[in-house]
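One structure is given below, encoded as structure tokens.
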Amino acid sequence: MSNSRGTIGRRSLLLAAAAALAARGARGEEGIVDALGRLIALKAPAQRIVLGFNYEEYTAVAGPAGWDRVVGFSKALWSGWRPSIYARYLVPIPRLAELTDVGNTEDNNFSLERVLSLRPDLVVMAEWSFKVLAEPVRQLEALGIPVMVIDYNAEIPKRHVASTIALGKATGNAERARNLASLYTNKMADIARRVGDAVIRPKAYVELGQGGADTIGNTYWKGMWGRLLEFAGAENIAAGRLPGAGAWGPLNPEYVIAANPDAIFIAGSSWVGRPDAVLTGFGADIATTRARLAPYAKRQGWSELTAIRDGQLFAIEHGLCRALFDYTATYFIAKQLYPDRFSDIDPVAELRRYHEQFLPVKFEGCWMARLAPERA
Amino acid sequence: MSDTAAGPVAAWRAANLRRATLSLIGGALLLVSFSADVATGPAMLPISAVVRSLAGLGADPMLDAIVHNLRLPIALMAVVVGATLGVSGAIMQTVLNNPLASSYTLGISAGAGFGAALAILVGGELPLPENWAIPLAAFVFAGVACAIVGSVGRMRGATPELLILAGIACLFLFQALLSLLQFLASPEALQQIVFWLFGSLLRASMGKTAIVAGVLAVALPLLLKDAWRLTALKLGDERARALGVHVNGLRLRAFVVVSLLTGAAVAFVGTIGFIGLVAPHIARMMVGEDQRHMLPASAVFGALLLSLASLASKLIMPGTVFPIGIITALIGVPFFGWLVLTTGRVQ
Amino acid sequence: MILQARNVTVRYGSRIAVSDVYLEARPGEVLALLGANGSGKSSLMRALAALQAHSGTIAWDSGRASPGSIGYMPQDNGARAALTAFEVVLLGRMRTLGLRVGAADLAAAEAAMEEIGISDLAARRIGELSGGQRQMVLIAQVLAGNPRALLLDEPTSALDIAHQLHVLDLLRTATRQRGLTTIAILHDLNAAARFADRVALMTTGRLAGVGAPADILQPMTLEPTFDVHVAVDLGSDGHPVVLPLRARSL
């Protein structure tokens with residue numbers, strides 16, 4: 001767990017991503033390679049896409065006009081998981097309301113029949129859907145419909161880049177995609193540079209705030225927030241503590257107290273029908289976010305934690321994770337852990353700039369917040 | 001009701017003709033249900049297009065893919081699994097002398113559920129693709145449950161009471177183990193396990209359907225060979241023995257066949273309940289207890305029930321597929337109500 | 001078939017139900033097996049039918065008995081099934097029944113029902129019949145199998161007088177005409193007196209006596225066996241008539 005090894009690992013990943021990016025730029029618009037390295041047989045930009053996930057990324061790459069190429073998507077993953085974000089995007093992209101819902105693998109209602117009836121020329125799905133849809137993928141490819149896998153969940157920079165480039169090429173927005181990918185790579189390199197030689201890595205804990213302070217939410221290790229913590233130069237107390245694939249799961253509360261993290265991040269969102277959930281996102285104002293976050297400080301045994309005593313309890317929008325703009329979340333986390341090294345960085349401003357440049361919705365609301373009011 | 005004027009044999013022949021007709025009617029209804037099942041689905045295809053595609057005249061590969069690769073296997077699987085569960089239930093009710101018995105009573109499906117959960121949990125480590133590992137594990141552990149109950153039966157005499165006791169013990173054992181697995185499972189695995197336990201026809205394929213159909217095709221003649229002996233069991237063990245039936249052996253033999261049938265059915269579609277319970281009763285009402293008629297009738301009505309359930313699962317919420325295990329459970333409720341109302345009167 | 005049973009003992013765990021019984025029976029003869037409740041009659045009969053483990057030898061004709069050619073009718077336990085009376089009788093043809101029922105089996109079943117006189121019950125469900133009717137159906141079932149020996153456990157216990165007379169008469173006729181070896185457990189001593197050629201009396205697992213009814217049905221043998229005071233008269237047709245007077249020790 002030595003520092004330098006971690007730094008080298010992170011650095012080389014980013015270098016590889018940058019190299020891949022450059023290489024693609026050099027080759028020009030040739031074959032599409034998806035996040036898993038699969039070659040996609042698509043001659044021209046697709047006209048009838050079934051899109052399975054990562055809708056904000058798609059919008060960033062292809063713009064609102066890009067949705068004209070989409071004929072079906074997994075609606076619940078947007079309107080159900082991030083309702084207030086979906087509502088905002090509905091305004092500049094009214095077509096969303098007309099798109100056919102093909103179901104999703106999380107709810108076990110993915111309908112291949114629905115997909116086929118839309119006569120798509122490209123099906124895009126997240127890696128975690130691809131994993132369980134072996135038979136439908138086989139049938140699609142047998143019918144000559146290419147299946148493209150994108151993966152922002154793994155939080156592997158190379159895959160972030162590959163997914164973005166692939167989406168760009170598939171929709172005829174290769175240049176815009178390259179710009180986005182470069183932005184991401186540069187920002188990540190910046191973070192790596194700033195935390196690179198830190199000797200002591202602060203301990204951090206991240207928990208999903210969907211159920212409120214009375215429920216032990218999931219934490220993350222190999223993927224999503226777990227990886228972002230790594231990039232931000234934190235020591236994730238969940239490392240090595242999650243069973244199975246180690247991606248996500250709840251931690252024993254006793255262990256959290258014993259581990260005594262230096263900073264705690266509660267992932268909130270705009271869930272509907274969850275009266276105790278931590279609220280963040282477009283529709284949240286900082287007062288509401290803080291109000292929902294406050295009960296966490298009063299959790300059993302938490303008052304003695306370093307993080308609570310030092311005022312290092314934060315709320316952060318869960319939708320920032322596994323997305324192209326997750327570097328803003330990484331900035332935020334890194335800034336809380338290494339305030340001196342990131343004194344010139346304003347993560348919220350970074351997010352606002354991203355929205356202004358690439359997304360059709362106005363940036364507002366509370367996306368990242370400290371429980372106690374900011375110190376001067 | 002009695003054609004006694006014509007003499008017992010003539011009356012019996014007439015009754016058999018009636019029974020055969022009822023079974024044929026059941027078969028005809030099954031055909032209708034099956035056709036409707038193939039014609040329905042989230043893609044809302046026009047019936048004429050479906051018919052053309054089935055006849056091999058389809059010009060649209062996408063439509064053909066929907067009809068042949070998606071709808072046809074599901075509709076066929078419903079028929080085959082329904083028939084299998086119907087026959088299993090019928091044999092179980094006869095062999096255990098209990099109208100509420102089904103192949104689930106003896107813990108066979110609990111064993112299958114445990115096997116599937118185990119495969120889901122450990123799936124990555126096995127050399128088999130998960131698609132086949134899960135059904136195989138389910139089938140194997142259905143067999144383990146059968147072996148446990150069967151060996152108890154061999155050791156202590158295979159009376160219905162003993163088999164039921166051993167079976168319920170087996171049921172509890174596997175349910176406890178299943179709970180343990182669910183506790184140990186990661187959240188994704190847990191979700192998969194729960195979905196499997198729900199039961200679903202959606203992962204059907206022609207290959208899987210052929211396997212279940214094959215098991216049924218082998219098992220049914222085997223059972224029919226013992227048809228009269230099974231009928232004799234209805235009069236009680238003692239009288240059956242007096243007629244020359246080796247009751248214990250028959251029971252164990254039938255039990256092994258039922259385990260095979262149940263294991264095969266459950267392996268691919270998960271635990272779908274109530275078909276094995278309700279179909280034999282309907283068959284009994286229609287054609288009586290002569291097992292030569294009742295077993296095929298149980299198959300027909302079991303297939304009809306599940307085919308109708310499959311159809312209903314697509315119609316209840318147009319565009320999505322309602323979980324079929326819930327629909328079959330809903331069949332069970334009015335059935336039990338009817339049973340309660342009629343049993344009293346028969347006394 | 002000639003029956004020769006020697007030293008037959010039946011044990012259920014530590015309890016001895018039948019102890020060292022020696023019994024013979026010949027074709028064309030009706031042997032009534034009598035005794036108080038729990039004296040071992042049913043156990044002995046089950047052993048004779050080769051359905052009960054026992055020690056000693058039971059020989060039918062030459063060699064081991066096969067249940068197929070012995071018509072054993074256990075006591076009716078009221079098991080109900082949705083089978084018609086005809087189907088129940090047809091089951092008596094178990095040995096020869098196949099998936100397609102042959103004409104011979106159908107004819108035998110029909111004939112048996114006619115012999116008993118229950119052809120009109122053929123299409124009725126057995127669960128709907130009265131106890132007596134059901135018993136007659138089961139007798140027809142045994143007869144339909146064309147056995148060489150009849151072992152009947154209380155074949156007439158639920159029948160009214162008329163049917164009892166009819167069935168016993170029928171059994172005796174069939175025994176004589178077909179040369180069957182018939183052993184019947186009866187509770188009615190007077191019916192036994194009238195219809196049996198020989199009588200075997202059992203007490204607590206042992207045979208108290210075997211012989212002609214007139215010899216065995218005497219107060220001397222009956223009183224200790226049944227624990228009751230009796231008077232035995234000679235009836236108008238030459239058969240002994242047993243009149244129970246009062247209980248002894250109960």
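Starting from 1 in every chain, residues are counted up; chains themselves are A, B, ... following the order of the structure tokens, and ligands are numbered from 1 as listed.
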Considering only C-alpha atoms, tabulate each residue of chain B that lies at most 6 Å from chain A along with its nearest interatomic pair and the corresponding distance in Å to one decimal; arrange the rows by chain and ascending residue number and present them as CSV.
residue,atom,partner,partner_atom,distance
B:Pro42,CA,A:Arg114,CA,5.9
B:Ala43,CA,A:Arg114,CA,5.3
B:Ile66,CA,A:Glu113,CA,5.8
B:Ser186,CA,A:Gly244,CA,5.8
> Contacts of stretch 205-218 of chain C at 6 Å or less, counting only C-alpha atoms, minus same-chain residues fewer than 2 places along, as number ranges by chain?
Replying inline: C: 17-19, 39-40, 193, 198-203, 220-222, 240
Store the residues picked out above, limited to N, CA and C atoms, as a PDB file, in the first residue's frame.
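Writing done, so here's again_22.pdb:
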ATOM      1  N   ALA C  17     -48.279 -62.158  17.904  1.00  0.00           N
ATOM      2  CA  ALA C  17     -49.672 -62.086  17.491  1.00  0.00           C
ATOM      3  C   ALA C  17     -50.216 -63.465  17.138  1.00  0.00           C
ATOM      4  N   VAL C  18     -49.358 -64.275  16.518  1.00  0.00           N
ATOM      5  CA  VAL C  18     -49.769 -65.623  16.143  1.00  0.00           C
ATOM      6  C   VAL C  18     -48.688 -66.571  16.655  1.00  0.00           C
ATOM      7  N   SER C  19     -49.092 -67.602  17.320  1.00  0.00           N
ATOM      8  CA  SER C  19     -48.096 -68.460  17.955  1.00  0.00           C
ATOM      9  C   SER C  19     -48.282 -69.919  17.549  1.00  0.00           C
ATOM     10  N   SER C  39     -57.301 -61.674  18.578  1.00  0.00           N
ATOM     11  CA  SER C  39     -56.795 -63.023  18.802  1.00  0.00           C
ATOM     12  C   SER C  39     -55.805 -63.446  17.732  1.00  0.00           C
ATOM     13  N   GLY C  40     -55.545 -62.584  16.754  1.00  0.00           N
ATOM     14  CA  GLY C  40     -54.524 -62.902  15.769  1.00  0.00           C
ATOM     15  C   GLY C  40     -55.060 -63.397  14.451  1.00  0.00           C
ATOM     16  N   ALA C 193     -71.573 -71.249  11.454  1.00  0.00           N
ATOM     17  CA  ALA C 193     -72.153 -72.572  11.660  1.00  0.00           C
ATOM     18  C   ALA C 193     -72.881 -73.047  10.409  1.00  0.00           C
ATOM     19  N   ARG C 198     -65.702 -76.296   7.906  1.00  0.00           N
ATOM     20  CA  ARG C 198     -64.933 -76.472   9.124  1.00  0.00           C
ATOM     21  C   ARG C 198     -64.758 -75.116   9.781  1.00  0.00           C
ATOM     22  N   VAL C 199     -64.433 -75.192  11.065  1.00  0.00           N
ATOM     23  CA  VAL C 199     -64.277 -73.966  11.841  1.00  0.00           C
ATOM     24  C   VAL C 199     -62.966 -74.024  12.595  1.00  0.00           C
ATOM     25  N   ALA C 200     -62.194 -72.921  12.608  1.00  0.00           N
ATOM     26  CA  ALA C 200     -60.959 -72.864  13.400  1.00  0.00           C
ATOM     27  C   ALA C 200     -61.109 -71.746  14.415  1.00  0.00           C
ATOM     28  N   LEU C 201     -60.840 -72.046  15.648  1.00  0.00           N
ATOM     29  CA  LEU C 201     -61.050 -71.095  16.730  1.00  0.00           C
ATOM     30  C   LEU C 201     -59.700 -70.610  17.242  1.00  0.00           C
ATOM     31  N   MET C 202     -59.540 -69.309  17.326  1.00  0.00           N
ATOM     32  CA  MET C 202     -58.251 -68.765  17.789  1.00  0.00           C
ATOM     33  C   MET C 202     -58.412 -68.024  19.103  1.00  0.00           C
ATOM     34  N   THR C 203     -57.444 -68.242  20.002  1.00  0.00           N
ATOM     35  CA  THR C 203     -57.418 -67.516  21.265  1.00  0.00           C
ATOM     36  C   THR C 203     -56.009 -67.019  21.485  1.00  0.00           C
ATOM     37  N   MET C 220     -68.110 -75.378  25.887  1.00  0.00           N
ATOM     38  CA  MET C 220     -66.823 -75.694  26.493  1.00  0.00           C
ATOM     39  C   MET C 220     -65.680 -74.941  25.825  1.00  0.00           C
ATOM     40  N   THR C 221     -65.751 -74.856  24.500  1.00  0.00           N
ATOM     41  CA  THR C 221     -64.688 -74.146  23.779  1.00  0.00           C
ATOM     42  C   THR C 221     -64.996 -72.659  23.610  1.00  0.00           C
ATOM     43  N   LEU C 222     -66.271 -72.352  23.469  1.00  0.00           N
ATOM     44  CA  LEU C 222     -66.624 -70.955  23.187  1.00  0.00           C
ATOM     45  C   LEU C 222     -66.440 -70.058  24.396  1.00  0.00           C
ATOM     46  N   PRO C 240     -75.680 -76.019  14.402  1.00  0.00           N
ATOM     47  CA  PRO C 240     -75.749 -75.483  15.767  1.00  0.00           C
ATOM     48  C   PRO C 240     -76.123 -74.006  15.734  1.00  0.00           C
TER      49      PRO C 240
END
>> as an MDAnalysis selection string, could you give me every residue of chain B near chain C (at most 9 Å apart, counting only C-alpha atoms)?
In response: chainID B and resid 1:5 7:9 11:12 15 224:225 227:229 231:232 234:236 238:239 241:245 284:285 288:290 292 346
Write out the residues from the selection above, keeping N, CA and C atoms, as a CSV table (one decimal), in the first residue's frame.
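After the write, again.csv holds the following:
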chain,number,residue,atom,x,y,z
B,1,MET,N,-76.8,-39.8,-15.4
B,1,MET,CA,-75.4,-40.1,-15.0
B,1,MET,C,-75.1,-41.6,-15.1
B,2,SER,N,-76.1,-42.5,-15.0
B,2,SER,CA,-75.7,-43.9,-15.1
B,2,SER,C,-76.4,-44.5,-16.4
B,3,ASP,N,-75.5,-45.2,-17.1
B,3,ASP,CA,-76.0,-45.9,-18.3
B,3,ASP,C,-76.2,-47.3,-18.0
B,4,THR,N,-76.7,-47.6,-16.8
B,4,THR,CA,-76.7,-49.0,-16.4
B,4,THR,C,-77.6,-49.9,-17.3
B,5,ALA,N,-78.5,-49.3,-17.9
B,5,ALA,CA,-79.4,-50.1,-18.8
B,5,ALA,C,-78.6,-50.8,-19.8
B,7,GLY,N,-75.6,-52.1,-19.4
B,7,GLY,CA,-74.6,-53.0,-18.9
B,7,GLY,C,-73.3,-52.4,-18.5
B,8,PRO,N,-72.6,-52.9,-17.5
B,8,PRO,CA,-71.4,-52.3,-16.9
B,8,PRO,C,-70.4,-52.0,-17.9
B,9,VAL,N,-70.1,-53.0,-18.8
B,9,VAL,CA,-69.0,-52.8,-19.7
B,9,VAL,C,-69.3,-51.7,-20.7
B,11,ALA,N,-71.3,-49.2,-20.3
B,11,ALA,CA,-71.3,-48.0,-19.5
B,11,ALA,C,-69.9,-47.5,-19.4
B,12,TRP,N,-69.0,-48.4,-19.1
B,12,TRP,CA,-67.6,-48.1,-18.8
B,12,TRP,C,-67.0,-47.5,-20.1
B,15,ALA,N,-68.2,-44.1,-20.7
B,15,ALA,CA,-67.5,-43.2,-19.8
B,15,ALA,C,-66.1,-42.9,-20.3
B,224,LEU,N,-47.0,-44.6,-17.2
B,224,LEU,CA,-48.2,-45.3,-17.7
B,224,LEU,C,-48.1,-46.8,-17.6
B,225,LYS,N,-46.8,-47.3,-17.7
B,225,LYS,CA,-46.7,-48.7,-17.5
B,225,LYS,C,-47.2,-49.2,-16.2
B,227,ALA,N,-49.6,-47.6,-14.6
B,227,ALA,CA,-50.9,-46.9,-14.5
B,227,ALA,C,-51.8,-47.6,-13.6
B,228,TRP,N,-52.1,-48.9,-13.9
B,228,TRP,CA,-53.1,-49.7,-13.1
B,228,TRP,C,-52.6,-49.8,-11.6
B,229,ARG,N,-51.3,-50.0,-11.4
B,229,ARG,CA,-50.8,-50.2,-10.1
B,229,ARG,C,-51.0,-48.9,-9.3
B,231,THR,N,-53.3,-46.7,-9.9
B,231,THR,CA,-54.7,-46.6,-9.6
B,231,THR,C,-55.1,-47.5,-8.4
B,232,ALA,N,-54.5,-48.7,-8.3
B,232,ALA,CA,-54.8,-49.5,-7.2
B,232,ALA,C,-54.4,-48.9,-5.8
B,234,LYS,N,-54.9,-46.1,-4.9
B,234,LYS,CA,-56.0,-45.3,-4.4
B,234,LYS,C,-56.9,-46.0,-3.4
B,235,LEU,N,-56.8,-47.3,-3.5
B,235,LEU,CA,-57.7,-48.1,-2.6
B,235,LEU,C,-57.0,-48.4,-1.2
B,236,GLY,N,-55.8,-47.8,-1.1
B,236,GLY,CA,-55.1,-48.1,0.2
B,236,GLY,C,-54.0,-49.1,0.0
B,238,GLU,N,-52.9,-51.6,1.8
B,238,GLU,CA,-53.2,-53.0,2.1
B,238,GLU,C,-53.9,-53.7,0.9
B,239,ARG,N,-54.9,-53.0,0.4
B,239,ARG,CA,-55.6,-53.6,-0.7
B,239,ARG,C,-54.8,-53.7,-2.0
B,241,ARG,N,-51.6,-54.1,-2.0
B,241,ARG,CA,-50.7,-55.3,-1.8
B,241,ARG,C,-51.5,-56.6,-2.1
B,242,ALA,N,-52.7,-56.6,-1.6
B,242,ALA,CA,-53.5,-57.8,-1.8
B,242,ALA,C,-53.7,-58.1,-3.3
B,243,LEU,N,-53.7,-57.0,-4.1
B,243,LEU,CA,-53.9,-57.2,-5.6
B,243,LEU,C,-52.5,-57.5,-6.2
B,244,GLY,N,-51.5,-57.6,-5.4
B,244,GLY,CA,-50.2,-58.0,-6.0
B,244,GLY,C,-49.3,-56.9,-6.3
B,245,VAL,N,-49.6,-55.7,-5.9
B,245,VAL,CA,-48.8,-54.5,-6.2
B,245,VAL,C,-47.6,-54.4,-5.1
B,284,ARG,N,-58.8,-34.7,-12.4
B,284,ARG,CA,-59.6,-35.7,-11.6
B,284,ARG,C,-61.1,-35.4,-11.8
B,285,MET,N,-61.4,-34.1,-11.8
B,285,MET,CA,-62.8,-33.8,-11.9
B,285,MET,C,-63.3,-34.2,-13.3
B,288,GLY,N,-61.7,-38.5,-13.8
B,288,GLY,CA,-61.7,-39.6,-12.8
B,288,GLY,C,-60.3,-40.0,-12.4
B,289,GLU,N,-60.3,-41.1,-11.7
B,289,GLU,CA,-59.0,-41.5,-11.1
B,289,GLU,C,-58.2,-42.6,-11.8
B,290,ASP,N,-58.8,-43.1,-12.9
B,290,ASP,CA,-58.1,-44.1,-13.7
B,290,ASP,C,-56.9,-43.5,-14.2
B,292,ARG,N,-54.7,-44.2,-16.3
B,292,ARG,CA,-54.4,-44.2,-17.7
B,292,ARG,C,-55.0,-42.9,-18.4
B,346,VAL,N,-69.0,-33.1,0.3
B,346,VAL,CA,-68.7,-34.5,-0.1
B,346,VAL,C,-68.9,-35.4,1.0
>> Among stretch 28-219 of chain A, which residues does DSSP mark as strand (DSSP E or B) when it is run on the backbone? Keep the chain and numbering as in the structure and answer as a PyMOL selection string.
In response: chain A and resi 32-33+39-40+49-51+70-73+100-101+122-126+147-150+203-208+218-219
Could you save the residues just selected, with N, CA and C atoms, as a PDB file, in the first residue's frame?
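The file below, out08.pdb, is the result:
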ATOM      1  N   ILE A  32     -14.830   1.525 -34.814  1.00  0.00           N
ATOM      2  CA  ILE A  32     -15.157   1.920 -33.453  1.00  0.00           C
ATOM      3  C   ILE A  32     -14.770   0.797 -32.501  1.00  0.00           C
ATOM      4  N   VAL A  33     -14.073   1.170 -31.452  1.00  0.00           N
ATOM      5  CA  VAL A  33     -13.739   0.191 -30.419  1.00  0.00           C
ATOM      6  C   VAL A  33     -14.452   0.610 -29.146  1.00  0.00           C
ATOM      7  N   LEU A  39     -14.637  -4.641 -31.244  1.00  0.00           N
ATOM      8  CA  LEU A  39     -14.712  -3.878 -32.484  1.00  0.00           C
ATOM      9  C   LEU A  39     -16.171  -3.804 -32.931  1.00  0.00           C
ATOM     10  N   ILE A  40     -16.659  -2.600 -33.173  1.00  0.00           N
ATOM     11  CA  ILE A  40     -18.061  -2.424 -33.547  1.00  0.00           C
ATOM     12  C   ILE A  40     -18.162  -2.222 -35.049  1.00  0.00           C
ATOM     13  N   ILE A  49     -30.718   4.265 -32.550  1.00  0.00           N
ATOM     14  CA  ILE A  49     -29.945   3.721 -31.429  1.00  0.00           C
ATOM     15  C   ILE A  49     -30.872   3.343 -30.281  1.00  0.00           C
ATOM     16  N   VAL A  50     -30.610   2.177 -29.700  1.00  0.00           N
ATOM     17  CA  VAL A  50     -31.226   1.854 -28.412  1.00  0.00           C
ATOM     18  C   VAL A  50     -30.146   2.092 -27.363  1.00  0.00           C
ATOM     19  N   LEU A  51     -30.396   3.036 -26.476  1.00  0.00           N
ATOM     20  CA  LEU A  51     -29.381   3.474 -25.516  1.00  0.00           C
ATOM     21  C   LEU A  51     -29.723   2.951 -24.133  1.00  0.00           C
ATOM     22  N   VAL A  70     -31.945   8.411 -31.324  1.00  0.00           N
ATOM     23  CA  VAL A  70     -32.275   7.369 -30.350  1.00  0.00           C
ATOM     24  C   VAL A  70     -33.737   6.970 -30.505  1.00  0.00           C
ATOM     25  N   VAL A  71     -33.994   5.675 -30.535  1.00  0.00           N
ATOM     26  CA  VAL A  71     -35.380   5.203 -30.682  1.00  0.00           C
ATOM     27  C   VAL A  71     -35.895   4.522 -29.412  1.00  0.00           C
ATOM     28  N   GLY A  72     -34.977   4.134 -28.531  1.00  0.00           N
ATOM     29  CA  GLY A  72     -35.449   3.467 -27.316  1.00  0.00           C
ATOM     30  C   GLY A  72     -34.385   3.548 -26.246  1.00  0.00           C
ATOM     31  N   PHE A  73     -34.803   3.564 -24.968  1.00  0.00           N
ATOM     32  CA  PHE A  73     -33.827   3.576 -23.884  1.00  0.00           C
ATOM     33  C   PHE A  73     -34.393   2.893 -22.651  1.00  0.00           C
ATOM     34  N   THR A 100     -39.407   4.829 -26.689  1.00  0.00           N
ATOM     35  CA  THR A 100     -39.877   3.562 -26.172  1.00  0.00           C
ATOM     36  C   THR A 100     -38.991   3.099 -25.016  1.00  0.00           C
ATOM     37  N   ASP A 101     -39.632   2.588 -23.963  1.00  0.00           N
ATOM     38  CA  ASP A 101     -38.890   2.051 -22.834  1.00  0.00           C
ATOM     39  C   ASP A 101     -38.635   0.570 -23.081  1.00  0.00           C
ATOM     40  N   LEU A 122     -28.051   0.068 -33.899  1.00  0.00           N
ATOM     41  CA  LEU A 122     -26.992   0.003 -32.883  1.00  0.00           C
ATOM     42  C   LEU A 122     -27.645  -0.099 -31.512  1.00  0.00           C
ATOM     43  N   VAL A 123     -27.135  -0.988 -30.702  1.00  0.00           N
ATOM     44  CA  VAL A 123     -27.607  -1.081 -29.320  1.00  0.00           C
ATOM     45  C   VAL A 123     -26.430  -0.758 -28.413  1.00  0.00           C
ATOM     46  N   VAL A 124     -26.617   0.250 -27.548  1.00  0.00           N
ATOM     47  CA  VAL A 124     -25.554   0.650 -26.624  1.00  0.00           C
ATOM     48  C   VAL A 124     -25.961   0.241 -25.214  1.00  0.00           C
ATOM     49  N   MET A 125     -25.100  -0.437 -24.513  1.00  0.00           N
ATOM     50  CA  MET A 125     -25.450  -0.823 -23.146  1.00  0.00           C
ATOM     51  C   MET A 125     -24.271  -0.705 -22.209  1.00  0.00           C
ATOM     52  N   ALA A 126     -24.576  -0.553 -20.930  1.00  0.00           N
ATOM     53  CA  ALA A 126     -23.533  -0.482 -19.919  1.00  0.00           C
ATOM     54  C   ALA A 126     -22.919  -1.860 -19.724  1.00  0.00           C
ATOM     55  N   VAL A 147     -23.652  -4.459 -31.031  1.00  0.00           N
ATOM     56  CA  VAL A 147     -23.866  -4.098 -29.627  1.00  0.00           C
ATOM     57  C   VAL A 147     -22.607  -3.405 -29.126  1.00  0.00           C
ATOM     58  N   MET A 148     -22.766  -2.185 -28.634  1.00  0.00           N
ATOM     59  CA  MET A 148     -21.624  -1.397 -28.178  1.00  0.00           C
ATOM     60  C   MET A 148     -21.684  -1.254 -26.669  1.00  0.00           C
ATOM     61  N   VAL A 149     -20.579  -1.556 -26.014  1.00  0.00           N
ATOM     62  CA  VAL A 149     -20.561  -1.498 -24.553  1.00  0.00           C
ATOM     63  C   VAL A 149     -19.826  -0.243 -24.097  1.00  0.00           C
ATOM     64  N   ILE A 150     -20.485   0.533 -23.234  1.00  0.00           N
ATOM     65  CA  ILE A 150     -19.813   1.669 -22.629  1.00  0.00           C
ATOM     66  C   ILE A 150     -19.696   1.406 -21.132  1.00  0.00           C
ATOM     67  N   LYS A 203      -7.826   9.108   5.571  1.00  0.00           N
ATOM     68  CA  LYS A 203      -8.812   8.055   5.419  1.00  0.00           C
ATOM     69  C   LYS A 203     -10.168   8.668   5.091  1.00  0.00           C
ATOM     70  N   ALA A 204     -10.847   8.063   4.138  1.00  0.00           N
ATOM     71  CA  ALA A 204     -12.162   8.570   3.744  1.00  0.00           C
ATOM     72  C   ALA A 204     -13.181   7.452   3.692  1.00  0.00           C
ATOM     73  N   TYR A 205     -14.426   7.822   3.898  1.00  0.00           N
ATOM     74  CA  TYR A 205     -15.533   6.869   3.846  1.00  0.00           C
ATOM     75  C   TYR A 205     -16.659   7.496   3.053  1.00  0.00           C
ATOM     76  N   VAL A 206     -17.206   6.746   2.122  1.00  0.00           N
ATOM     77  CA  VAL A 206     -18.324   7.253   1.330  1.00  0.00           C
ATOM     78  C   VAL A 206     -19.501   6.307   1.512  1.00  0.00           C
ATOM     79  N   GLU A 207     -20.688   6.868   1.638  1.00  0.00           N
ATOM     80  CA  GLU A 207     -21.872   6.033   1.839  1.00  0.00           C
ATOM     81  C   GLU A 207     -23.038   6.592   1.057  1.00  0.00           C
ATOM     82  N   LEU A 208     -23.856   5.700   0.508  1.00  0.00           N
ATOM     83  CA  LEU A 208     -25.032   6.135  -0.243  1.00  0.00           C
ATOM     84  C   LEU A 208     -26.088   6.625   0.740  1.00  0.00           C
ATOM     85  N   ASN A 218     -24.946   1.638   1.069  1.00  0.00           N
ATOM     86  CA  ASN A 218     -23.797   0.979   0.464  1.00  0.00           C
ATOM     87  C   ASN A 218     -22.580   1.876   0.467  1.00  0.00           C
ATOM     88  N   THR A 219     -21.416   1.243   0.568  1.00  0.00           N
ATOM     89  CA  THR A 219     -20.176   1.951   0.299  1.00  0.00           C
ATOM     90  C   THR A 219     -19.556   1.296  -0.925  1.00  0.00           C
TER      91      THR A 219
END
>> Taking the DSSP secondary structure from the backbone, can you list the residues of stretch 3-143 of chain A that are helix (DSSP H, G or I), as JSON, numbers by chain?
In response: {"A": [3, 4, 5, 6, 7, 8, 9, 10, 11, 12, 13, 14, 15, 16, 17, 18, 19, 20, 21, 22, 23, 24, 25, 26, 27, 55, 56, 57, 58, 59, 60, 61, 62, 63, 64, 65, 66, 67, 68, 69, 76, 77, 78, 79, 80, 83, 84, 85, 86, 87, 88, 89, 90, 94, 95, 96, 97, 98, 112, 113, 114, 115, 116, 117, 127, 128, 129, 130, 131, 132, 134, 135, 136, 137, 138, 139, 140, 141, 142]}
> atom CA of A:Lys222 and atom CA of A:Tyr296, how far apart in Å?
Replying inline: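 According to the coordinates, atom CA of A:Tyr296 and atom CA of A:Lys222 are separated by 24.4 Å.
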Within 6 Å of B:Ala83, counting only C-alpha atoms, which residues show up once you throw out same-chain ones fewer than 4 positions away? Write them as a PDB file with N, CA and C atoms, in the first residue's frame, please.
ATOM      1  N   ALA B 299     -51.339 -33.752 -17.597  1.00  0.00           N
ATOM      2  CA  ALA B 299     -50.367 -33.080 -18.467  1.00  0.00           C
ATOM      3  C   ALA B 299     -51.066 -32.007 -19.286  1.00  0.00           C
ATOM      4  N   VAL B 300     -52.200 -32.372 -19.870  1.00  0.00           N
ATOM      5  CA  VAL B 300     -52.907 -31.422 -20.740  1.00  0.00           C
ATOM      6  C   VAL B 300     -53.361 -30.199 -19.947  1.00  0.00           C
ATOM      7  N   GLY B 302     -52.342 -29.151 -17.011  1.00  0.00           N
ATOM      8  CA  GLY B 302     -51.194 -28.410 -16.489  1.00  0.00           C
ATOM      9  C   GLY B 302     -50.631 -27.492 -17.560  1.00  0.00           C
ATOM     10  N   ALA B 303     -50.493 -28.035 -18.773  1.00  0.00           N
ATOM     11  CA  ALA B 303     -49.980 -27.227 -19.878  1.00  0.00           C
ATOM     12  C   ALA B 303     -50.927 -26.069 -20.157  1.00  0.00           C
TER      13      ALA B 303
END
